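Engineer: My structure is stored as input.txt, with compact mmCIF, N, CA and C atoms.
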```txt
# COMPACT_ATOMS: atom_id res chain seq x y z
N MET A 1 9.87 -22.45 -10.54
CA MET A 1 9.52 -21.77 -9.32
C MET A 1 8.07 -21.28 -9.44
N THR A 2 7.30 -21.51 -8.41
CA THR A 2 5.89 -21.10 -8.43
C THR A 2 5.78 -19.59 -8.29
N ASP A 3 4.61 -19.06 -8.66
CA ASP A 3 4.38 -17.62 -8.54
C ASP A 3 4.47 -17.15 -7.09
N ALA A 4 3.94 -17.96 -6.18
CA ALA A 4 3.99 -17.59 -4.76
C ALA A 4 5.44 -17.51 -4.29
N ARG A 5 6.25 -18.44 -4.70
CA ARG A 5 7.66 -18.44 -4.30
C ARG A 5 8.40 -17.27 -4.93
N ARG A 6 8.10 -16.99 -6.21
CA ARG A 6 8.71 -15.83 -6.89
C ARG A 6 8.29 -14.54 -6.20
N PHE A 7 7.04 -14.45 -5.78
CA PHE A 7 6.56 -13.27 -5.07
C PHE A 7 7.33 -13.09 -3.77
N GLU A 8 7.50 -14.17 -3.03
CA GLU A 8 8.24 -14.11 -1.77
C GLU A 8 9.66 -13.60 -1.97
N THR A 9 10.34 -14.11 -2.97
CA THR A 9 11.74 -13.73 -3.18
C THR A 9 11.88 -12.36 -3.83
N THR A 10 10.84 -11.90 -4.51
CA THR A 10 10.92 -10.62 -5.22
C THR A 10 10.39 -9.46 -4.40
N VAL A 11 9.22 -9.63 -3.78
CA VAL A 11 8.51 -8.52 -3.15
C VAL A 11 8.77 -8.44 -1.64
N LEU A 12 8.82 -9.55 -0.96
CA LEU A 12 8.97 -9.50 0.49
C LEU A 12 10.22 -8.76 0.97
N PRO A 13 11.35 -8.83 0.27
CA PRO A 13 12.50 -8.04 0.72
C PRO A 13 12.27 -6.52 0.62
N LEU A 14 11.23 -6.10 -0.07
CA LEU A 14 10.94 -4.68 -0.25
C LEU A 14 10.00 -4.13 0.81
N LEU A 15 9.55 -4.96 1.74
CA LEU A 15 8.55 -4.52 2.71
C LEU A 15 9.04 -3.40 3.61
N ASP A 16 10.30 -3.41 4.02
CA ASP A 16 10.82 -2.32 4.87
C ASP A 16 10.78 -0.99 4.12
N ALA A 17 11.22 -1.00 2.88
CA ALA A 17 11.19 0.23 2.07
C ALA A 17 9.76 0.68 1.84
N ALA A 18 8.87 -0.28 1.62
CA ALA A 18 7.47 0.04 1.40
C ALA A 18 6.85 0.67 2.64
N HIS A 19 7.17 0.11 3.80
CA HIS A 19 6.61 0.66 5.05
C HIS A 19 7.16 2.06 5.31
N ASN A 20 8.44 2.26 5.08
CA ASN A 20 9.03 3.60 5.28
C ASN A 20 8.38 4.62 4.34
N PHE A 21 8.16 4.22 3.09
CA PHE A 21 7.54 5.11 2.11
C PHE A 21 6.10 5.43 2.52
N ALA A 22 5.33 4.43 2.90
CA ALA A 22 3.95 4.64 3.31
C ALA A 22 3.88 5.49 4.57
N ARG A 23 4.78 5.24 5.51
CA ARG A 23 4.80 6.04 6.74
C ARG A 23 5.13 7.49 6.44
N TRP A 24 6.01 7.73 5.49
CA TRP A 24 6.35 9.09 5.09
C TRP A 24 5.13 9.77 4.43
N LEU A 25 4.42 9.04 3.60
CA LEU A 25 3.25 9.61 2.94
C LEU A 25 2.09 9.86 3.90
N LEU A 26 1.88 8.92 4.80
CA LEU A 26 0.69 8.95 5.66
C LEU A 26 0.93 9.61 7.01
N ARG A 27 2.19 9.69 7.43
CA ARG A 27 2.53 10.28 8.73
C ARG A 27 1.92 9.54 9.91
N ASP A 28 1.66 8.26 9.73
CA ASP A 28 1.09 7.44 10.81
C ASP A 28 1.51 5.99 10.58
N ALA A 29 2.18 5.41 11.57
CA ALA A 29 2.71 4.06 11.42
C ALA A 29 1.62 3.01 11.25
N ALA A 30 0.55 3.11 12.02
CA ALA A 30 -0.51 2.09 11.94
C ALA A 30 -1.22 2.14 10.59
N THR A 31 -1.50 3.33 10.10
CA THR A 31 -2.14 3.47 8.80
C THR A 31 -1.19 3.00 7.69
N ALA A 32 0.10 3.26 7.87
CA ALA A 32 1.10 2.80 6.90
C ALA A 32 1.14 1.27 6.84
N GLU A 33 1.06 0.62 7.99
CA GLU A 33 1.04 -0.85 8.01
C GLU A 33 -0.16 -1.38 7.24
N ASP A 34 -1.32 -0.76 7.45
CA ASP A 34 -2.53 -1.18 6.73
C ASP A 34 -2.37 -0.97 5.23
N ALA A 35 -1.79 0.17 4.84
CA ALA A 35 -1.60 0.46 3.42
C ALA A 35 -0.63 -0.53 2.77
N VAL A 36 0.43 -0.87 3.48
CA VAL A 36 1.40 -1.84 2.94
C VAL A 36 0.78 -3.22 2.83
N GLN A 37 -0.04 -3.58 3.80
CA GLN A 37 -0.72 -4.87 3.72
C GLN A 37 -1.67 -4.89 2.52
N GLU A 38 -2.42 -3.83 2.32
CA GLU A 38 -3.32 -3.75 1.17
C GLU A 38 -2.52 -3.79 -0.13
N ALA A 39 -1.41 -3.06 -0.16
CA ALA A 39 -0.56 -3.05 -1.35
C ALA A 39 0.03 -4.43 -1.62
N SER A 40 0.40 -5.14 -0.59
CA SER A 40 0.95 -6.50 -0.76
C SER A 40 -0.09 -7.44 -1.36
N LEU A 41 -1.32 -7.31 -0.90
CA LEU A 41 -2.39 -8.14 -1.47
C LEU A 41 -2.63 -7.81 -2.93
N ARG A 42 -2.64 -6.52 -3.25
CA ARG A 42 -2.80 -6.10 -4.65
C ARG A 42 -1.63 -6.60 -5.49
N ALA A 43 -0.41 -6.48 -4.96
CA ALA A 43 0.77 -6.91 -5.70
C ALA A 43 0.73 -8.42 -5.95
N PHE A 44 0.30 -9.18 -4.96
CA PHE A 44 0.21 -10.63 -5.14
C PHE A 44 -0.83 -10.97 -6.20
N ARG A 45 -1.95 -10.26 -6.14
CA ARG A 45 -3.04 -10.50 -7.09
C ARG A 45 -2.59 -10.22 -8.53
N TYR A 46 -1.78 -9.18 -8.71
CA TYR A 46 -1.37 -8.77 -10.06
C TYR A 46 0.10 -9.04 -10.34
N PHE A 47 0.67 -9.96 -9.62
CA PHE A 47 2.09 -10.25 -9.77
C PHE A 47 2.45 -10.71 -11.17
N ALA A 48 1.53 -11.35 -11.84
CA ALA A 48 1.79 -11.82 -13.21
C ALA A 48 2.02 -10.65 -14.17
N SER A 49 1.54 -9.45 -13.81
CA SER A 49 1.73 -8.29 -14.69
C SER A 49 3.16 -7.75 -14.64
N LEU A 50 3.93 -8.17 -13.64
CA LEU A 50 5.34 -7.78 -13.56
C LEU A 50 6.12 -8.61 -14.56
N ARG A 51 6.75 -7.94 -15.50
CA ARG A 51 7.49 -8.66 -16.53
C ARG A 51 8.75 -9.29 -15.95
N ALA A 52 9.10 -10.43 -16.48
CA ALA A 52 10.31 -11.13 -16.04
C ALA A 52 11.52 -10.23 -16.28
N GLY A 53 12.36 -10.11 -15.29
CA GLY A 53 13.56 -9.30 -15.40
C GLY A 53 13.34 -7.83 -15.07
N GLU A 54 12.10 -7.40 -14.94
CA GLU A 54 11.81 -6.01 -14.60
C GLU A 54 12.07 -5.78 -13.12
N ASP A 55 12.55 -4.59 -12.77
CA ASP A 55 12.82 -4.25 -11.37
C ASP A 55 11.49 -4.14 -10.62
N ALA A 56 11.34 -4.91 -9.58
CA ALA A 56 10.08 -4.96 -8.83
C ALA A 56 9.90 -3.78 -7.89
N LYS A 57 10.99 -3.12 -7.52
CA LYS A 57 10.88 -2.06 -6.52
C LYS A 57 10.01 -0.90 -6.98
N PRO A 58 10.22 -0.30 -8.14
CA PRO A 58 9.34 0.80 -8.55
C PRO A 58 7.90 0.34 -8.77
N TRP A 59 7.74 -0.88 -9.26
CA TRP A 59 6.41 -1.44 -9.47
C TRP A 59 5.67 -1.57 -8.14
N PHE A 60 6.32 -2.16 -7.15
CA PHE A 60 5.69 -2.37 -5.85
C PHE A 60 5.47 -1.05 -5.12
N LEU A 61 6.45 -0.15 -5.16
CA LEU A 61 6.29 1.12 -4.46
C LEU A 61 5.20 1.98 -5.12
N GLY A 62 4.96 1.79 -6.39
CA GLY A 62 3.83 2.46 -7.05
C GLY A 62 2.51 1.95 -6.49
N ILE A 63 2.43 0.66 -6.24
CA ILE A 63 1.23 0.08 -5.64
C ILE A 63 1.07 0.59 -4.21
N VAL A 64 2.17 0.68 -3.48
CA VAL A 64 2.14 1.22 -2.11
C VAL A 64 1.67 2.67 -2.13
N ARG A 65 2.18 3.45 -3.06
CA ARG A 65 1.77 4.85 -3.19
C ARG A 65 0.26 4.95 -3.42
N ASN A 66 -0.25 4.15 -4.34
CA ASN A 66 -1.69 4.18 -4.63
C ASN A 66 -2.51 3.74 -3.42
N ALA A 67 -2.06 2.72 -2.71
CA ALA A 67 -2.78 2.27 -1.51
C ALA A 67 -2.73 3.35 -0.43
N SER A 68 -1.62 4.05 -0.34
CA SER A 68 -1.50 5.14 0.64
C SER A 68 -2.43 6.29 0.29
N PHE A 69 -2.51 6.64 -0.99
CA PHE A 69 -3.42 7.71 -1.41
C PHE A 69 -4.87 7.31 -1.18
N THR A 70 -5.18 6.05 -1.36
CA THR A 70 -6.53 5.56 -1.08
C THR A 70 -6.83 5.70 0.41
N ALA A 71 -5.85 5.36 1.26
CA ALA A 71 -6.03 5.50 2.71
C ALA A 71 -6.20 6.97 3.09
N LEU A 72 -5.44 7.85 2.46
CA LEU A 72 -5.58 9.29 2.73
C LEU A 72 -6.97 9.79 2.35
N ALA A 73 -7.45 9.36 1.20
CA ALA A 73 -8.78 9.78 0.75
C ALA A 73 -9.86 9.26 1.68
N ARG A 74 -9.69 8.05 2.15
CA ARG A 74 -10.64 7.47 3.08
C ARG A 74 -10.66 8.26 4.39
N GLU A 75 -9.47 8.60 4.90
CA GLU A 75 -9.37 9.40 6.12
C GLU A 75 -9.93 10.80 5.91
N ARG A 76 -9.65 11.39 4.77
CA ARG A 76 -10.14 12.73 4.48
C ARG A 76 -11.67 12.73 4.40
N GLY A 77 -12.22 11.67 3.86
CA GLY A 77 -13.67 11.56 3.77
C GLY A 77 -14.31 11.49 5.15
N ARG A 78 -13.64 10.84 6.06
CA ARG A 78 -14.16 10.76 7.43
C ARG A 78 -14.05 12.09 8.15
N SER A 79 -12.98 12.82 7.91
CA SER A 79 -12.79 14.08 8.62
C SER A 79 -13.66 15.20 8.06
N ASP A 80 -14.17 15.04 6.83
CA ASP A 80 -15.03 16.06 6.24
C ASP A 80 -16.45 15.98 6.77
N VAL A 81 -16.79 14.90 7.44
CA VAL A 81 -18.13 14.74 7.98
C VAL A 81 -18.25 15.58 9.25
N THR A 82 -19.22 16.44 9.26
CA THR A 82 -19.45 17.29 10.43
C THR A 82 -20.69 16.79 11.15
N LEU A 83 -20.52 16.49 12.41
CA LEU A 83 -21.64 16.05 13.20
C LEU A 83 -22.36 17.29 13.76
N LEU A 84 -23.66 17.32 13.58
CA LEU A 84 -24.44 18.45 14.04
C LEU A 84 -25.07 18.14 15.38
N ASP A 85 -25.03 19.09 16.25
CA ASP A 85 -25.66 18.95 17.55
C ASP A 85 -27.12 19.38 17.40
N GLU A 86 -28.03 18.47 17.62
CA GLU A 86 -29.45 18.76 17.43
C GLU A 86 -29.96 19.83 18.37
N GLU A 87 -29.35 19.99 19.54
CA GLU A 87 -29.80 20.97 20.50
C GLU A 87 -29.37 22.39 20.11
N ALA A 88 -28.34 22.51 19.31
CA ALA A 88 -27.82 23.84 18.96
C ALA A 88 -28.64 24.49 17.93
```
Starting from the file, give its structure as structure tokens.

Structural biologist:
Amino acid sequence: MTDARRFETTVLPLLDAAHNFARWLLRDAATAEDAVQEASLRAFRYFASLRAGEDAKPWFLGIVRNASFTALARERGRSDVTLLDEEA
């Protein structure tokens, strides 16, 4: 079985749980979708690091958690910027 096929059968069934987890962390469905997509790309890139026989759910949800925290930091960075009114 190819790595792509193994990824499909191992990780893709976890997407609903991943989206629910990201939505819970981020409190926004659209941002959660982006985080899960980013996490899926990272998981595919590093899928070889998942040991054979190891449970993929905690591994993948850890990646989702990290992608969600990255999204939160990115959003927080944007909200910390204060625009100054030159006339004031």

Engineer: Axis-aligned box over every listed atom of range 48-65 of chain A, padded by 3 Å per side: centre and edges in Å to one decimal, as lines of an AutoDock Vina configuration file?

Structural biologist:
```
center_x = 6.9
center_y = -3.4
center_z = -9.3
size_x = 19.3
size_y = 22.8
size_z = 20.4
```

Engineer: Residues at most 5 Å from range 32-45 of chain A, counting all atoms listed in the file, excluding those fewer than 3 positions away in the same chain, as a list in words?

Structural biologist: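 With the cut-off at 5 Å, the set is Ala22, Arg23, Asp28, Ala29, Ile63 and Ala67 of chain A.
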
Engineer: From a DSSP calculation on the backbone, collect every residue of chain A in helix (DSSP H, G or I) and output the set as number ranges by chain.

Structural biologist: A: 3-10, 12-26, 29-45, 47-49, 56-79

Engineer: May I have the residues within 8 Å of Ala71 in chain A as an mmCIF file with N, CA and C atoms, in the frame of the given file, using only N, CA and C atoms and disregarding those fewer than 4 positions away in the same chain?

Structural biologist:
```
data_model
loop_
_atom_site.group_PDB
_atom_site.id
_atom_site.type_symbol
_atom_site.label_atom_id
_atom_site.label_comp_id
_atom_site.auth_asym_id
_atom_site.auth_seq_id
_atom_site.Cartn_x
_atom_site.Cartn_y
_atom_site.Cartn_z
ATOM 1 N N LEU A 26 1.880 8.920 4.800
ATOM 2 C CA LEU A 26 0.690 8.950 5.660
ATOM 3 C C LEU A 26 0.930 9.610 7.010
ATOM 4 N N THR A 31 -1.500 3.330 10.100
ATOM 5 C CA THR A 31 -2.140 3.470 8.800
ATOM 6 C C THR A 31 -1.190 3.000 7.690
ATOM 7 N N ASP A 34 -1.320 -0.760 7.450
ATOM 8 C CA ASP A 34 -2.530 -1.180 6.730
ATOM 9 C C ASP A 34 -2.370 -0.970 5.230
ATOM 10 N N ALA A 35 -1.790 0.170 4.840
ATOM 11 C CA ALA A 35 -1.600 0.460 3.420
ATOM 12 C C ALA A 35 -0.630 -0.530 2.770
ATOM 13 N N ARG A 65 2.180 3.450 -3.060
ATOM 14 C CA ARG A 65 1.770 4.850 -3.190
ATOM 15 C C ARG A 65 0.260 4.950 -3.420
ATOM 16 N N ASN A 66 -0.250 4.150 -4.340
ATOM 17 C CA ASN A 66 -1.690 4.180 -4.630
ATOM 18 C C ASN A 66 -2.510 3.740 -3.420
ATOM 19 N N ALA A 67 -2.060 2.720 -2.710
ATOM 20 C CA ALA A 67 -2.780 2.270 -1.510
ATOM 21 C C ALA A 67 -2.730 3.350 -0.430
ATOM 22 N N GLU A 75 -9.470 8.600 4.900
ATOM 23 C CA GLU A 75 -9.370 9.400 6.120
ATOM 24 C C GLU A 75 -9.930 10.800 5.910
ATOM 25 N N ARG A 76 -9.650 11.390 4.770
ATOM 26 C CA ARG A 76 -10.140 12.730 4.480
ATOM 27 C C ARG A 76 -11.670 12.730 4.400
ATOM 28 N N GLY A 77 -12.220 11.670 3.860
ATOM 29 C CA GLY A 77 -13.670 11.560 3.770
ATOM 30 C C GLY A 77 -14.310 11.490 5.150
#
```

Engineer: So what do you get for atom N of Leu12 in chain A versus atom N of Lys57 in chain A, distance-wise?

Structural biologist: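 The value is 9.4 Å.
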
Engineer: To one decimal place, how far is atom C of Leu25 in chain A from CA of Arg6 in chain A in Å?

Structural biologist: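 Distance reported for this atom pair: 28.6 Å.
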
Engineer: What would the list of residues within 8 Å of (11.0, -11.7, -8.2) (file frame) look like as a compact mmCIF listing (two decimals) with N, CA and C atoms, keeping the file's coordinate frame, if only N, CA and C atoms are what count?

Structural biologist:
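part.txt was written with the following content:
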```
# COMPACT_ATOMS: atom_id res chain seq x y z
N ARG A 5 6.25 -18.44 -4.70
CA ARG A 5 7.66 -18.44 -4.30
C ARG A 5 8.40 -17.27 -4.93
N ARG A 6 8.10 -16.99 -6.21
CA ARG A 6 8.71 -15.83 -6.89
C ARG A 6 8.29 -14.54 -6.20
N PHE A 7 7.04 -14.45 -5.78
CA PHE A 7 6.56 -13.27 -5.07
C PHE A 7 7.33 -13.09 -3.77
N GLU A 8 7.50 -14.17 -3.03
CA GLU A 8 8.24 -14.11 -1.77
C GLU A 8 9.66 -13.60 -1.97
N THR A 9 10.34 -14.11 -2.97
CA THR A 9 11.74 -13.73 -3.18
C THR A 9 11.88 -12.36 -3.83
N THR A 10 10.84 -11.90 -4.51
CA THR A 10 10.92 -10.62 -5.22
C THR A 10 10.39 -9.46 -4.40
N VAL A 11 9.22 -9.63 -3.78
CA VAL A 11 8.51 -8.52 -3.15
C VAL A 11 8.77 -8.44 -1.64
N LEU A 12 8.82 -9.55 -0.96
CA LEU A 12 8.97 -9.50 0.49
C LEU A 12 10.22 -8.76 0.97
N ALA A 52 9.10 -10.43 -16.48
CA ALA A 52 10.31 -11.13 -16.04
C ALA A 52 11.52 -10.23 -16.28
N GLY A 53 12.36 -10.11 -15.29
CA GLY A 53 13.56 -9.30 -15.40
C GLY A 53 13.34 -7.83 -15.07
N GLU A 54 12.10 -7.40 -14.94
CA GLU A 54 11.81 -6.01 -14.60
C GLU A 54 12.07 -5.78 -13.12
N ASP A 55 12.55 -4.59 -12.77
CA ASP A 55 12.82 -4.25 -11.37
C ASP A 55 11.49 -4.14 -10.62
N ALA A 56 11.34 -4.91 -9.58
CA ALA A 56 10.08 -4.96 -8.83
C ALA A 56 9.90 -3.78 -7.89
```

Engineer: At what distance in Å, to one decimal, does CA of Arg74 in chain A lie from atom C of Pro58 in chain A?

Structural biologist: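 About the pair atom C of Pro58 in chain A and CA of Arg74 in chain A: they are 23.1 Å apart.
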
Engineer: For Phe21 in chain A, which residue among A:Thr2, A:Thr70, A:Val64, A:Trp59 is the nearest when counting only C-alpha atoms?

Structural biologist: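 Of A:Thr2, A:Thr70, A:Val64, A:Trp59, the one nearest Phe21 in chain A is A:Val64, counting only C-alpha atoms.
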